[in-house]
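Printed here is model12.tsv (TSV, C-alpha atoms):
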chain	number	residue	atom	x	y	z
A	1	MET	CA	0.00	0.00	0.00
A	2	TYR	CA	1.18	3.49	-0.85
A	3	LYS	CA	0.67	6.25	1.70
A	4	THR	CA	-1.01	8.63	-0.73
A	5	ILE	CA	-2.76	8.53	-4.10
A	6	ASP	CA	0.05	10.66	-5.51
A	7	GLU	CA	2.63	8.06	-4.45
A	8	ALA	CA	0.58	5.30	-6.08
A	9	ASN	CA	0.24	7.35	-9.26
A	10	GLN	CA	3.98	7.97	-9.38
A	11	ALA	CA	4.59	4.23	-9.05
A	12	VAL	CA	2.23	3.50	-11.95
A	13	ALA	CA	3.92	6.21	-14.04
A	14	ALA	CA	7.34	4.74	-13.25
A	15	LYS	CA	6.09	1.39	-14.57
A	16	ILE	CA	5.01	3.06	-17.82
A	17	VAL	CA	8.43	4.67	-18.25
A	18	ALA	CA	10.14	1.35	-17.51
A	19	GLY	CA	7.98	-0.56	-20.01
A	20	SER	CA	9.97	-2.32	-22.72
A	21	PRO	CA	7.77	-3.66	-25.56
A	22	PHE	CA	9.27	-5.98	-28.18
A	23	LEU	CA	7.48	-7.31	-31.26
A	24	LEU	CA	8.14	-11.05	-31.15
A	25	ASP	CA	5.95	-12.74	-33.72
A	26	VAL	CA	2.88	-12.81	-35.95
A	27	VAL	CA	0.63	-15.83	-35.34
A	28	PRO	CA	-2.97	-16.98	-35.82
A	29	ALA	CA	-4.89	-15.25	-33.01
A	30	LYS	CA	-6.28	-18.53	-31.67
A	31	THR	CA	-2.79	-19.78	-30.83
A	32	VAL	CA	-2.27	-17.04	-28.23
A	33	ILE	CA	-5.84	-16.14	-27.21
A	34	THR	CA	-7.35	-19.36	-25.87
A	35	GLU	CA	-10.90	-17.97	-25.72
A	36	LEU	CA	-10.99	-17.96	-29.53
A	37	ASN	CA	-10.92	-21.76	-29.50
A	38	GLU	CA	-14.19	-22.07	-27.60
A	39	GLY	CA	-16.67	-22.29	-30.48
A	40	LYS	CA	-17.76	-19.28	-32.51
A	41	VAL	CA	-16.12	-16.32	-30.79
A	42	LEU	CA	-15.37	-12.77	-31.94
A	43	LEU	CA	-13.43	-10.09	-30.11
A	44	HIS	CA	-14.57	-6.48	-30.41
A	45	ALA	CA	-13.32	-3.02	-29.49
A	46	GLY	CA	-14.42	-1.13	-26.40
A	47	PRO	CA	-16.21	-2.18	-23.24
A	48	PRO	CA	-18.73	-5.08	-23.32
A	49	ILE	CA	-21.59	-4.77	-25.82
A	50	ARG	CA	-24.33	-6.93	-27.33
A	51	TYR	CA	-24.66	-7.48	-31.08
A	52	ASP	CA	-27.99	-5.63	-31.19
A	53	GLN	CA	-26.33	-2.56	-29.63
A	54	MET	CA	-23.54	-2.46	-32.22
A	55	ILE	CA	-23.56	0.28	-34.83
A	56	ASP	CA	-23.76	-0.75	-38.49
A	57	PRO	CA	-20.00	-0.69	-39.29
A	58	ILE	CA	-19.19	-2.96	-36.33
A	59	GLN	CA	-21.99	-5.36	-37.26
A	60	GLY	CA	-20.58	-5.33	-40.80
A	61	ALA	CA	-17.13	-6.19	-39.47
A	62	CYS	CA	-18.68	-9.10	-37.55
A	63	VAL	CA	-20.22	-10.32	-40.81
A	64	GLY	CA	-16.87	-10.10	-42.58
A	65	ALA	CA	-15.09	-12.01	-39.81
A	66	ALA	CA	-17.76	-14.74	-39.81
A	67	LEU	CA	-17.47	-15.12	-43.59
A	68	PHE	CA	-13.67	-15.23	-43.28
A	69	GLU	CA	-13.97	-18.02	-40.70
A	70	GLY	CA	-16.37	-19.94	-42.95
A	71	TRP	CA	-19.27	-19.92	-40.49
A	72	GLY	CA	-21.71	-19.42	-43.34
A	73	GLU	CA	-21.94	-19.05	-47.09
A	74	THR	CA	-23.98	-15.85	-47.19
A	75	GLU	CA	-24.36	-12.56	-45.37
A	76	GLU	CA	-27.90	-13.54	-44.37
A	77	ASP	CA	-26.72	-16.79	-42.82
A	78	VAL	CA	-24.00	-15.23	-40.64
A	79	ARG	CA	-26.21	-12.27	-39.65
A	80	ARG	CA	-28.78	-14.77	-38.38
A	81	GLN	CA	-26.12	-16.49	-36.29
A	82	LEU	CA	-24.89	-13.20	-34.88
A	83	ALA	CA	-28.39	-11.94	-34.05
A	84	SER	CA	-29.42	-15.22	-32.41
A	85	GLY	CA	-26.48	-15.21	-30.00
A	86	GLU	CA	-24.73	-18.23	-31.57
A	87	VAL	CA	-21.55	-16.15	-31.66
A	88	THR	CA	-19.92	-15.17	-28.37
A	89	LEU	CA	-18.68	-11.56	-28.22
A	90	ILE	CA	-15.75	-10.64	-25.96
A	91	PRO	CA	-13.99	-7.26	-25.57
A	92	CYS	CA	-10.43	-7.38	-26.89
A	93	HIS	CA	-9.21	-5.81	-23.65
A	94	HIS	CA	-10.50	-8.78	-21.65
A	95	VAL	CA	-8.05	-11.14	-23.37
A	96	ASP	CA	-4.86	-9.00	-23.50
A	97	ALA	CA	-5.72	-7.66	-26.95
A	98	VAL	CA	-6.71	-4.45	-28.70
A	99	GLY	CA	-8.44	-3.90	-32.03
A	100	PRO	CA	-8.68	-0.86	-34.35
A	101	MET	CA	-12.06	0.76	-35.12
A	102	GLY	CA	-14.59	-2.12	-34.85
A	103	GLY	CA	-11.83	-4.22	-33.36
A	104	ILE	CA	-13.31	-7.43	-34.68
A	105	THR	CA	-10.83	-10.27	-34.29
A	106	SER	CA	-11.44	-13.96	-35.02
A	107	ALA	CA	-9.55	-17.19	-34.44
A	108	ASN	CA	-7.64	-17.44	-37.71
A	109	MET	CA	-6.74	-13.79	-38.22
A	110	ALA	CA	-3.03	-12.98	-38.09
A	111	ALA	CA	-2.13	-11.25	-34.82
A	112	LEU	CA	0.93	-9.31	-33.71
A	113	VAL	CA	2.54	-10.58	-30.50
A	114	VAL	CA	4.18	-7.91	-28.33
A	115	GLU	CA	5.90	-8.67	-25.04
A	116	ASN	CA	6.61	-6.08	-22.35
A	117	LYS	CA	9.93	-7.52	-21.23
A	118	THR	CA	9.87	-5.44	-18.04
A	119	ASP	CA	6.85	-7.27	-16.64
A	120	GLY	CA	6.77	-10.36	-18.85
A	121	ASN	CA	3.21	-9.76	-20.05
A	122	ARG	CA	2.05	-9.89	-23.67
A	123	ALA	CA	-0.51	-8.08	-25.80
A	124	TYR	CA	-2.02	-8.83	-29.20
A	125	CYS	CA	-3.48	-6.92	-32.13
A	126	THR	CA	-4.49	-7.74	-35.70
A	127	MET	CA	-2.40	-6.17	-38.47
A	128	ASN	CA	-3.33	-3.06	-40.43
A	129	GLU	CA	-5.19	-3.94	-43.63
A	130	GLY	CA	-4.30	-0.78	-45.51
A	131	ILE	CA	-6.91	1.64	-46.85
A	132	GLY	CA	-10.07	1.39	-48.93
A	133	ALA	CA	-12.56	-1.40	-48.28
A	134	VAL	CA	-11.33	-2.86	-44.99
A	135	LEU	CA	-12.88	-4.88	-42.19
A	136	ARG	CA	-12.09	-2.37	-39.44
A	137	PHE	CA	-14.44	0.16	-41.08
A	138	GLY	CA	-17.18	-2.43	-41.53
A	139	ALA	CA	-16.57	-3.70	-45.07
A	140	TYR	CA	-17.20	-7.40	-45.69
A	141	SER	CA	-16.96	-7.85	-49.47
A	142	GLU	CA	-15.11	-10.71	-51.16
A	143	GLU	CA	-12.14	-8.36	-51.58
A	144	VAL	CA	-12.01	-7.80	-47.80
A	145	VAL	CA	-12.27	-11.50	-46.96
A	146	ASN	CA	-9.65	-12.41	-49.56
A	147	ARG	CA	-7.23	-9.86	-48.12
A	148	LEU	CA	-7.69	-11.34	-44.63
A	149	HIS	CA	-6.81	-14.76	-46.04
A	150	TRP	CA	-3.72	-13.29	-47.71
A	151	MET	CA	-2.68	-11.72	-44.40
A	152	LYS	CA	-3.16	-15.09	-42.67
A	153	ASN	CA	-1.43	-17.20	-45.32
A	154	THR	CA	1.28	-14.86	-46.64
A	155	LEU	CA	1.89	-11.64	-44.70
A	156	GLY	CA	1.75	-13.29	-41.27
A	157	PRO	CA	4.08	-16.23	-42.00
A	158	VAL	CA	6.65	-14.05	-43.80
A	159	LEU	CA	6.78	-11.50	-40.96
A	160	SER	CA	6.87	-14.29	-38.40
A	161	ALA	CA	9.88	-15.84	-40.10
A	162	ALA	CA	11.61	-12.46	-40.40
A	163	LEU	CA	11.06	-11.60	-36.72
A	164	LYS	CA	12.41	-14.98	-35.65
A	165	THR	CA	15.77	-14.07	-37.20
A	166	MET	CA	16.05	-11.34	-34.54
A	167	GLU	CA	17.36	-12.81	-31.29
A	168	ASN	CA	15.09	-10.81	-28.94
A	169	GLY	CA	12.46	-9.56	-31.36
A	170	LEU	CA	12.09	-5.94	-32.48
A	171	ASN	CA	12.57	-3.20	-29.86
A	172	ILE	CA	9.53	-0.93	-30.28
A	173	ASN	CA	10.68	1.87	-27.96
A	174	VAL	CA	13.64	2.47	-30.28
A	175	LEU	CA	11.33	2.84	-33.30
A	176	VAL	CA	8.94	5.12	-31.40
A	177	ALA	CA	11.75	7.39	-30.21
A	178	LYS	CA	13.09	7.58	-33.76
A	179	ALA	CA	9.73	8.21	-35.43
A	180	ILE	CA	8.51	10.84	-32.96
A	181	SER	CA	11.53	12.92	-33.97
A	182	MET	CA	10.41	12.49	-37.59
A	183	GLY	CA	6.90	13.86	-37.17
A	184	ASP	CA	4.73	10.91	-36.10
A	185	GLU	CA	2.19	10.99	-33.26
A	186	PHE	CA	1.31	7.27	-33.76
A	187	HIS	CA	-2.46	7.45	-34.13
A	188	GLN	CA	-3.20	9.35	-37.32
A	189	ARG	CA	0.39	9.70	-38.53
A	190	ASN	CA	2.60	6.59	-38.63
A	191	ILE	CA	4.50	7.18	-41.87
A	192	ALA	CA	7.96	7.48	-40.31
A	193	ALA	CA	7.43	4.56	-37.94
A	194	SER	CA	6.02	2.34	-40.69
A	195	LEU	CA	9.06	3.08	-42.88
A	196	ALA	CA	11.42	2.55	-39.94
A	197	PHE	CA	9.74	-0.81	-39.35
A	198	LEU	CA	10.16	-1.70	-43.03
A	199	LYS	CA	13.84	-0.69	-42.80
A	200	GLU	CA	14.32	-3.18	-39.96
A	201	VAL	CA	12.42	-6.13	-41.43
A	202	ALA	CA	13.18	-5.80	-45.16
A	203	PRO	CA	16.74	-7.23	-44.94
A	204	ALA	CA	15.43	-10.15	-42.87
A	205	ILE	CA	12.61	-10.79	-45.35
A	206	VAL	CA	14.94	-10.69	-48.34
A	207	SER	CA	17.34	-13.15	-46.70
A	208	LEU	CA	14.64	-15.73	-45.86
A	209	GLU	CA	14.87	-19.10	-47.50
A	210	GLY	CA	11.63	-20.03	-49.20
A	211	PHE	CA	8.76	-17.56	-49.61
A	212	GLU	CA	10.29	-16.63	-52.96
A	213	SER	CA	7.02	-15.58	-54.57
A	214	GLU	CA	5.71	-13.96	-51.38
A	215	LYS	CA	8.63	-11.68	-50.48
A	216	GLN	CA	7.89	-9.02	-53.07
A	217	GLU	CA	4.19	-8.99	-52.19
A	218	VAL	CA	4.93	-8.48	-48.50
A	219	ILE	CA	7.52	-5.75	-48.98
A	220	GLN	CA	5.24	-3.94	-51.43
A	221	PHE	CA	2.32	-4.12	-49.00
A	222	LEU	CA	4.44	-2.74	-46.15
A	223	ALA	CA	5.77	0.03	-48.39
A	224	ASP	CA	2.22	0.97	-49.42
A	225	THR	CA	0.65	0.86	-45.94
A	226	ASP	CA	1.42	4.16	-44.21
A	227	GLN	CA	-0.55	3.18	-41.11
A	228	PHE	CA	0.99	-0.28	-40.66
A	229	PHE	CA	2.78	0.74	-37.47
A	230	LEU	CA	-0.44	1.89	-35.77
A	231	ASN	CA	-1.42	-1.65	-34.82
A	232	ILE	CA	2.10	-2.33	-33.52
A	233	MET	CA	1.87	0.84	-31.45
A	234	MET	CA	-1.53	-0.24	-30.10
A	235	ALA	CA	-0.27	-3.65	-28.98
A	236	SER	CA	2.85	-2.07	-27.49
A	237	ALA	CA	0.88	0.54	-25.55
A	238	LYS	CA	-1.50	-2.18	-24.33
A	239	ALA	CA	1.42	-4.31	-23.12
A	240	VAL	CA	3.00	-1.40	-21.27
A	241	MET	CA	-0.25	-0.15	-19.71
A	242	ASP	CA	-1.20	-3.67	-18.60
A	243	GLY	CA	2.19	-4.01	-16.98
A	244	ALA	CA	1.67	-0.70	-15.19
A	245	ARG	CA	-1.80	-1.61	-13.95
A	246	LYS	CA	-0.40	-4.50	-11.97
A	247	ILE	CA	-0.09	-1.78	-9.34
A	248	GLN	CA	-3.79	-1.77	-8.45
A	249	GLU	CA	-3.74	1.57	-6.70
A	250	GLY	CA	-4.14	5.18	-7.76
A	251	THR	CA	-6.14	7.14	-10.32
A	252	ILE	CA	-3.96	6.86	-13.44
A	253	VAL	CA	-6.00	5.89	-16.51
A	254	THR	CA	-4.83	2.51	-17.83
A	255	ALA	CA	-7.20	2.09	-20.79
A	256	MET	CA	-9.54	4.18	-22.94
A	257	CYS	CA	-11.67	2.60	-25.65
A	258	ARG	CA	-15.00	2.85	-27.45
A	259	ASN	CA	-17.45	0.50	-29.12
A	260	GLY	CA	-19.66	2.91	-31.06
A	261	HIS	CA	-22.19	2.85	-28.21
A	262	GLU	CA	-20.17	3.61	-25.08
A	263	PHE	CA	-16.80	5.04	-24.19
A	264	GLY	CA	-15.03	3.14	-21.42
A	265	ILE	CA	-12.02	3.78	-19.21
A	266	ARG	CA	-10.13	1.83	-16.59
A	267	ILE	CA	-7.99	3.28	-13.80
A	268	ALA	CA	-5.16	1.53	-11.97
A	269	GLY	CA	-6.87	1.45	-8.57
A	270	MET	CA	-10.03	-0.24	-9.87
A	271	GLY	CA	-8.39	-3.06	-11.83
A	272	ASP	CA	-10.61	-4.58	-14.53
A	273	GLU	CA	-13.72	-2.48	-13.83
A	274	TRP	CA	-15.02	-0.32	-16.68
A	275	PHE	CA	-16.43	3.18	-16.20
A	276	THR	CA	-18.55	4.17	-19.16
A	277	GLY	CA	-20.50	7.01	-20.71
A	278	PRO	CA	-22.18	7.70	-24.05
A	279	VAL	CA	-19.73	7.85	-26.94
A	280	ASN	CA	-19.26	11.05	-28.94
A	281	THR	CA	-19.01	11.54	-32.71
A	282	PRO	CA	-15.62	12.85	-33.90
A	283	LYS	CA	-15.20	16.40	-35.16
A	284	GLY	CA	-12.87	16.93	-38.09
A	285	LEU	CA	-12.37	17.15	-41.83
A	286	TYR	CA	-14.34	15.04	-44.28
A	287	PHE	CA	-13.39	13.65	-47.65
A	288	SER	CA	-15.13	15.24	-50.63
A	289	GLY	CA	-18.84	14.45	-50.72
A	290	PHE	CA	-19.19	13.59	-47.00
A	291	SER	CA	-20.21	15.51	-43.90
A	292	GLU	CA	-20.85	14.99	-40.20
A	293	ALA	CA	-24.31	13.68	-41.12
A	294	ASP	CA	-22.58	10.63	-42.63
A	295	ALA	CA	-20.31	9.98	-39.65
A	296	SER	CA	-20.36	6.98	-37.37
A	297	PRO	CA	-20.11	7.44	-33.61
A	298	ASP	CA	-16.59	6.92	-32.29
A	299	MET	CA	-15.22	3.38	-32.05
A	300	GLY	CA	-12.01	1.43	-31.51
A	301	ASP	CA	-9.36	0.43	-29.00
A	302	SER	CA	-6.80	2.71	-30.65
A	303	ALA	CA	-7.23	5.27	-27.86
A	304	ILE	CA	-4.78	3.05	-25.96
A	305	THR	CA	-2.19	5.20	-27.79
A	306	GLU	CA	-3.49	8.35	-26.08
A	307	THR	CA	-3.63	6.45	-22.78
A	308	PHE	CA	0.10	5.82	-23.25
A	309	GLY	CA	0.72	9.50	-24.10
A	310	VAL	CA	0.91	9.67	-27.89
A	311	GLY	CA	-1.81	10.25	-30.49
A	312	GLY	CA	-3.83	13.37	-29.74
A	313	MET	CA	-1.95	13.84	-26.47
A	314	ALA	CA	1.22	14.38	-28.55
A	315	MET	CA	-0.36	16.49	-31.29
A	316	ILE	CA	2.63	18.84	-31.24
A	317	ALA	CA	4.87	16.00	-32.41
A	318	ALA	CA	3.10	15.83	-35.78
A	319	PRO	CA	2.42	19.30	-37.22
A	320	ALA	CA	1.71	17.67	-40.59
A	321	VAL	CA	-1.33	15.88	-39.21
A	322	THR	CA	-3.06	18.84	-37.56
A	323	ARG	CA	-4.80	20.05	-40.72
A	324	PHE	CA	-5.83	16.49	-41.59
A	325	VAL	CA	-7.67	16.05	-38.29
A	326	GLY	CA	-9.17	19.52	-38.50
A	327	SER	CA	-7.36	21.01	-35.54
A	328	GLY	CA	-5.83	24.03	-37.26
A	329	GLY	CA	-2.12	24.69	-37.45
A	330	PHE	CA	1.08	24.42	-35.46
A	331	TYR	CA	0.05	26.66	-32.60
A	332	ASP	CA	-3.28	24.86	-32.22
A	333	ALA	CA	-1.31	21.62	-31.90
A	334	LEU	CA	1.01	23.28	-29.37
A	335	ASN	CA	-1.93	24.54	-27.34
A	336	THR	CA	-3.55	21.07	-27.39
A	337	SER	CA	-0.45	19.32	-26.10
A	338	ASN	CA	0.19	22.04	-23.51
A	339	GLU	CA	-3.37	21.64	-22.27
A	340	MET	CA	-2.96	17.87	-22.04
A	341	THR	CA	-0.10	18.36	-19.55
A	342	GLU	CA	-2.67	19.78	-17.11
A	343	ILE	CA	-4.35	16.36	-16.75
A	344	CYS	CA	-1.15	14.30	-16.63
A	345	ILE	CA	1.24	13.85	-13.75
A	346	ASP	CA	4.56	14.05	-15.61
A	347	SER	CA	6.35	13.70	-18.95
A	348	ASN	CA	7.99	10.56	-20.32
A	349	PRO	CA	11.74	11.11	-20.83
A	350	ASN	CA	11.97	8.15	-23.24
A	351	PHE	CA	10.24	10.05	-26.03
A	352	PRO	CA	11.35	13.70	-26.32
A	353	VAL	CA	9.50	15.79	-28.90
A	354	PRO	CA	11.75	18.14	-30.92
A	355	THR	CA	8.91	20.54	-31.74
A	356	TRP	CA	8.13	20.78	-28.01
A	357	ASP	CA	11.65	21.89	-27.07
A	358	PHE	CA	12.47	18.20	-26.51
A	359	LYS	CA	10.00	17.83	-23.69
A	360	GLY	CA	8.84	14.22	-23.23
A	361	ILE	CA	5.37	13.05	-24.20
A	362	CYS	CA	2.56	13.24	-21.64
A	363	LEU	CA	2.77	10.63	-18.90
A	364	GLY	CA	-0.06	9.33	-16.75
A	365	ILE	CA	-3.55	10.75	-17.31
A	366	ASP	CA	-4.90	11.35	-13.78
A	367	ALA	CA	-8.68	10.87	-13.62
A	368	ARG	CA	-8.77	13.29	-10.65
A	369	LYS	CA	-7.19	16.06	-12.73
A	370	VAL	CA	-9.69	15.47	-15.55
A	371	VAL	CA	-12.59	15.88	-13.12
A	372	GLU	CA	-11.00	18.85	-11.36
A	373	THR	CA	-10.14	20.81	-14.51
A	374	GLY	CA	-12.86	19.62	-16.87
A	375	ILE	CA	-10.14	19.12	-19.50
A	376	LEU	CA	-10.73	15.92	-21.47
A	377	PRO	CA	-8.09	13.83	-23.26
A	378	VAL	CA	-7.94	14.61	-26.98
A	379	ILE	CA	-8.02	11.52	-29.20
A	380	ASN	CA	-7.04	11.50	-32.87
A	381	THR	CA	-9.22	9.17	-34.90
A	382	GLY	CA	-10.40	8.12	-38.31
A	383	ILE	CA	-14.06	8.78	-39.08
A	384	ALA	CA	-16.09	5.90	-40.49
A	385	ASN	CA	-19.25	6.13	-42.56
A	386	LYS	CA	-22.23	5.20	-40.39
A	387	LYS	CA	-23.22	2.65	-43.04
A	388	ALA	CA	-21.23	-0.59	-43.09
A	389	GLY	CA	-18.86	-1.14	-45.98
A	390	LEU	CA	-18.49	2.48	-47.09
A	391	GLY	CA	-15.21	2.90	-45.23
A	392	GLN	CA	-13.37	5.93	-43.91
A	393	ILE	CA	-14.85	9.31	-44.78
A	394	GLY	CA	-12.53	11.61	-42.87
A	395	ALA	CA	-10.37	12.14	-39.80
A	396	GLY	CA	-10.65	14.24	-36.70
A	397	THR	CA	-10.53	14.37	-32.95
A	398	VAL	CA	-12.89	13.19	-30.26
A	399	THR	CA	-13.07	13.38	-26.47
A	400	PRO	CA	-14.49	10.98	-23.90
A	401	PRO	CA	-17.55	11.94	-21.86
A	402	ILE	CA	-16.54	13.31	-18.46
A	403	ASP	CA	-18.97	10.82	-16.87
A	404	CYS	CA	-16.32	8.08	-17.22
A	405	PHE	CA	-13.82	9.95	-15.09
A	406	GLU	CA	-16.35	11.09	-12.50
A	407	LYS	CA	-17.57	7.53	-12.02
A	408	ALA	CA	-14.02	6.22	-11.74
A	409	VAL	CA	-12.96	8.78	-9.14
A	410	LEU	CA	-16.10	8.22	-7.05
A	411	ALA	CA	-15.63	4.44	-7.19
A	412	TYR	CA	-12.01	4.73	-6.08
A	413	ALA	CA	-12.95	7.12	-3.26
A	414	LYS	CA	-15.53	4.58	-2.08
A	415	LYS	CA	-12.88	1.83	-2.25
A	416	LEU	CA	-10.65	3.93	0.00
A	417	GLY	CA	-13.48	4.32	2.51
A	418	PHE	CA	-14.74	7.77	1.63
A	419	ASN	CA	-18.52	7.98	1.48
A	420	GLU	CA	-20.63	10.61	-0.24

Kindly transcribe the structure held in the file into structure tokens.
Amino acid sequence: MYKTIDEANQAVAAKIVAGSPFLLDVVPAKTVITELNEGKVLLHAGPPIRYDQMIDPIQGACVGAALFEGWGETEEDVRRQLASGEVTLIPCHHVDAVGPMGGITSANMAALVVENKTDGNRAYCTMNEGIGAVLRFGAYSEEVVNRLHWMKNTLGPVLSAALKTMENGLNINVLVAKAISMGDEFHQRNIAASLAFLKEVAPAIVSLEGFESEKQEVIQFLADTDQFFLNIMMASAKAVMDGARKIQEGTIVTAMCRNGHEFGIRIAGMGDEWFTGPVNTPKGLYFSGFSEADASPDMGDSAITETFGVGGMAMIAAPAVTRFVGSGGFYDALNTSNEMTEICIDSNPNFPVPTWDFKGICLGIDARKVVETGILPVINTGIANKKAGLGQIGAGTVTPPIDCFEKAVLAYAKKLGFNE
């Protein structure tokens, strides 16, 4: 037991700083997440939710995953199974995983394996599919399903073999430190990190024996996929934050996520308990022909990046992205990051930001400070069409409802013996 909440929070923050995530492998999800072997099971983003509560893009992603797994021949068949409860739905966060946008993950999808070597815990995430018609935005066409099979049969095995040539896996902190100095914030902008990742794995891929026809395909896909590193960052942040929350004291936020229906947070002192509120719709810039009227409510586990201190919390690190997410220019980004320091307890010396006079990224969102100041974490996000299959229609920022933080602080106060 720590004497004060501040002491507990500092201990959690120290764990975050000490976190050491390494990308070890790419494997079928069912080989590392045992729950996926128990019949028809899908993982989803955000706190727990029923299929009938899911917004259209997430239901569409469920359809695509079911078709990929071969649970039915037609959309109608798998929708019937989903609606009848034949398919078990589990939050990614409940099984050491995270998922982008809809977050839908099934047994045979290729999953990244990241280990936090400091605490020995692991986290998992599917790989980025690229842009266009993709499962994470609710698409479930033949093109989408075929790509998932290619990722399972080609991309996953080639990357797995390449990573196994590295004695300890790939050190993610090194790539993050490098890419943040090159203009990435790791939620909407991952170009530098994705290229740095390609730089590390390309020689290993080229030197592999076998995979002769697959090597070019894999390298081309990695070169084309600017956001590939996002999913690696998500799994790494999850591994580090889960290591930190082993200290089950204090008010540091250890997870933020959304399922299109509710936004949920966890804090260190309340362990696995979710504190939820109604999800918001992102504000931002839309692609030509679309507007806020077309936008889906916010969804995805990718806010684990902001929980760690990057993404919208580190807006100043990526001036190039500020216009894309509709947040103005350089000084707007500077003001956003400066404001975020008011709800965090420190800065992380591992990741200095050149455009912030080499100050480290935000460290440790304190739920008490959020409630006290009314300042909400800023999350960078893609904006999905509210209709399944129509994909991304823009990008912007979103904030959680303050209800989440108020509920968390009250629950922790009650745990400590304070009564209203």

Using 3 Å of padding on each side, determine the axis-aligned box around all atoms of segment 6-11 of chain A present in the file and give its centre and edge lengths in Å to one decimal, as lines of an AutoDock Vina configuration file.
center_x = 2.3
center_y = 7.4
center_z = -6.9
size_x = 10.5
size_y = 12.4
size_z = 10.9

Exercise. Smallest atom-to-atom distance to Ala202 of chain A: which of A:Leu163, A:Ala303, A:Ala395, A:Ile265, using only C-alpha atoms?
Worked result: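 Distance minimum relative to Ala202 of chain A lands on A:Leu163.
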
For this session: Rank A:Gly394, A:Gly250, A:Gly99, A:Gly72 by their smallest atom-to-atom distance to Thr4 of chain A, using only C-alpha atoms, and report the top residue only.
Result: A:Gly250

Problem set entry | Computed interatomic separation between atom CA of Asn385 of chain A and atom CA of Lys40 of chain A (Å) |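 Atom-to-atom, atom CA of Asn385 of chain A to atom CA of Lys40 of chain A, that is 27.4 Å.
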
For this session: Skip Ala11 of chain A itself and residues of its chain fewer than 4 positions away, then list as a PyMOL selection string all residues within 10 Å of it, counting all atoms listed in the file.
Result: chain A and resi 2+5-7+15-17+244-245+247+249-250+252

Restricting the output to C-alpha atoms, write the selected residues as a PDB file, keeping the file's coordinate frame.
ATOM      1  CA  TYR A   2       1.180   3.490  -0.850  1.00  0.00           C
ATOM      2  CA  ILE A   5      -2.760   8.530  -4.100  1.00  0.00           C
ATOM      3  CA  ASP A   6       0.050  10.660  -5.510  1.00  0.00           C
ATOM      4  CA  GLU A   7       2.630   8.060  -4.450  1.00  0.00           C
ATOM      5  CA  LYS A  15       6.090   1.390 -14.570  1.00  0.00           C
ATOM      6  CA  ILE A  16       5.010   3.060 -17.820  1.00  0.00           C
ATOM      7  CA  VAL A  17       8.430   4.670 -18.250  1.00  0.00           C
ATOM      8  CA  ALA A 244       1.670  -0.700 -15.190  1.00  0.00           C
ATOM      9  CA  ARG A 245      -1.800  -1.610 -13.950  1.00  0.00           C
ATOM     10  CA  ILE A 247      -0.090  -1.780  -9.340  1.00  0.00           C
ATOM     11  CA  GLU A 249      -3.740   1.570  -6.700  1.00  0.00           C
ATOM     12  CA  GLY A 250      -4.140   5.180  -7.760  1.00  0.00           C
ATOM     13  CA  ILE A 252      -3.960   6.860 -13.440  1.00  0.00           C
TER      14      ILE A 252
END

Exercise. Which residue out of A:Ala13, A:Ala235, A:Cys92, A:Val114 has the minimum interatomic distance to Asp366 of chain A when only C-alpha atoms are used?
Worked result: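 Ranking A:Ala13, A:Ala235, A:Cys92, A:Val114 by distance to Asp366 of chain A, first place goes to A:Ala13.
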
Skipping near chain neighbours, those fewer than 2 positions away, what residues fall within 9 Å of Val370 of chain A using all atoms listed in the file, listed as an mmCIF file with C-alpha atoms, in the coordinates of the input?
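Everything below was put into selection_6.cif:
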data_model
loop_
_atom_site.group_PDB
_atom_site.id
_atom_site.type_symbol
_atom_site.label_atom_id
_atom_site.label_comp_id
_atom_site.auth_asym_id
_atom_site.auth_seq_id
_atom_site.Cartn_x
_atom_site.Cartn_y
_atom_site.Cartn_z
ATOM 1 C CA GLU A 342 -2.670 19.780 -17.110
ATOM 2 C CA ILE A 343 -4.350 16.360 -16.750
ATOM 3 C CA CYS A 344 -1.150 14.300 -16.630
ATOM 4 C CA ILE A 365 -3.550 10.750 -17.310
ATOM 5 C CA ASP A 366 -4.900 11.350 -13.780
ATOM 6 C CA ALA A 367 -8.680 10.870 -13.620
ATOM 7 C CA ARG A 368 -8.770 13.290 -10.650
ATOM 8 C CA GLU A 372 -11.000 18.850 -11.360
ATOM 9 C CA THR A 373 -10.140 20.810 -14.510
ATOM 10 C CA GLY A 374 -12.860 19.620 -16.870
ATOM 11 C CA ILE A 375 -10.140 19.120 -19.500
ATOM 12 C CA LEU A 376 -10.730 15.920 -21.470
ATOM 13 C CA PRO A 377 -8.090 13.830 -23.260
ATOM 14 C CA ILE A 402 -16.540 13.310 -18.460
ATOM 15 C CA PHE A 405 -13.820 9.950 -15.090
ATOM 16 C CA GLU A 406 -16.350 11.090 -12.500
#

Exercise. Can you tell me, as an MDAnalysis selection string, what residues are no more than 6 Å from segment 306-323 of chain A when counting only C-alpha atoms, ignoring any on the same chain fewer than 6 positions away?
Worked result: chainID A and resid 183:187 237 255 329:330 333:334 337 353 361:363 378:380

Exercise. Which value, in Å to one decimal, gives the distance between atom CA of Gly243 of chain A and atom CA of Ser302 of chain A?
Worked result: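 Separation between atom CA of Gly243 of chain A and atom CA of Ser302 of chain A: 17.7 Å.
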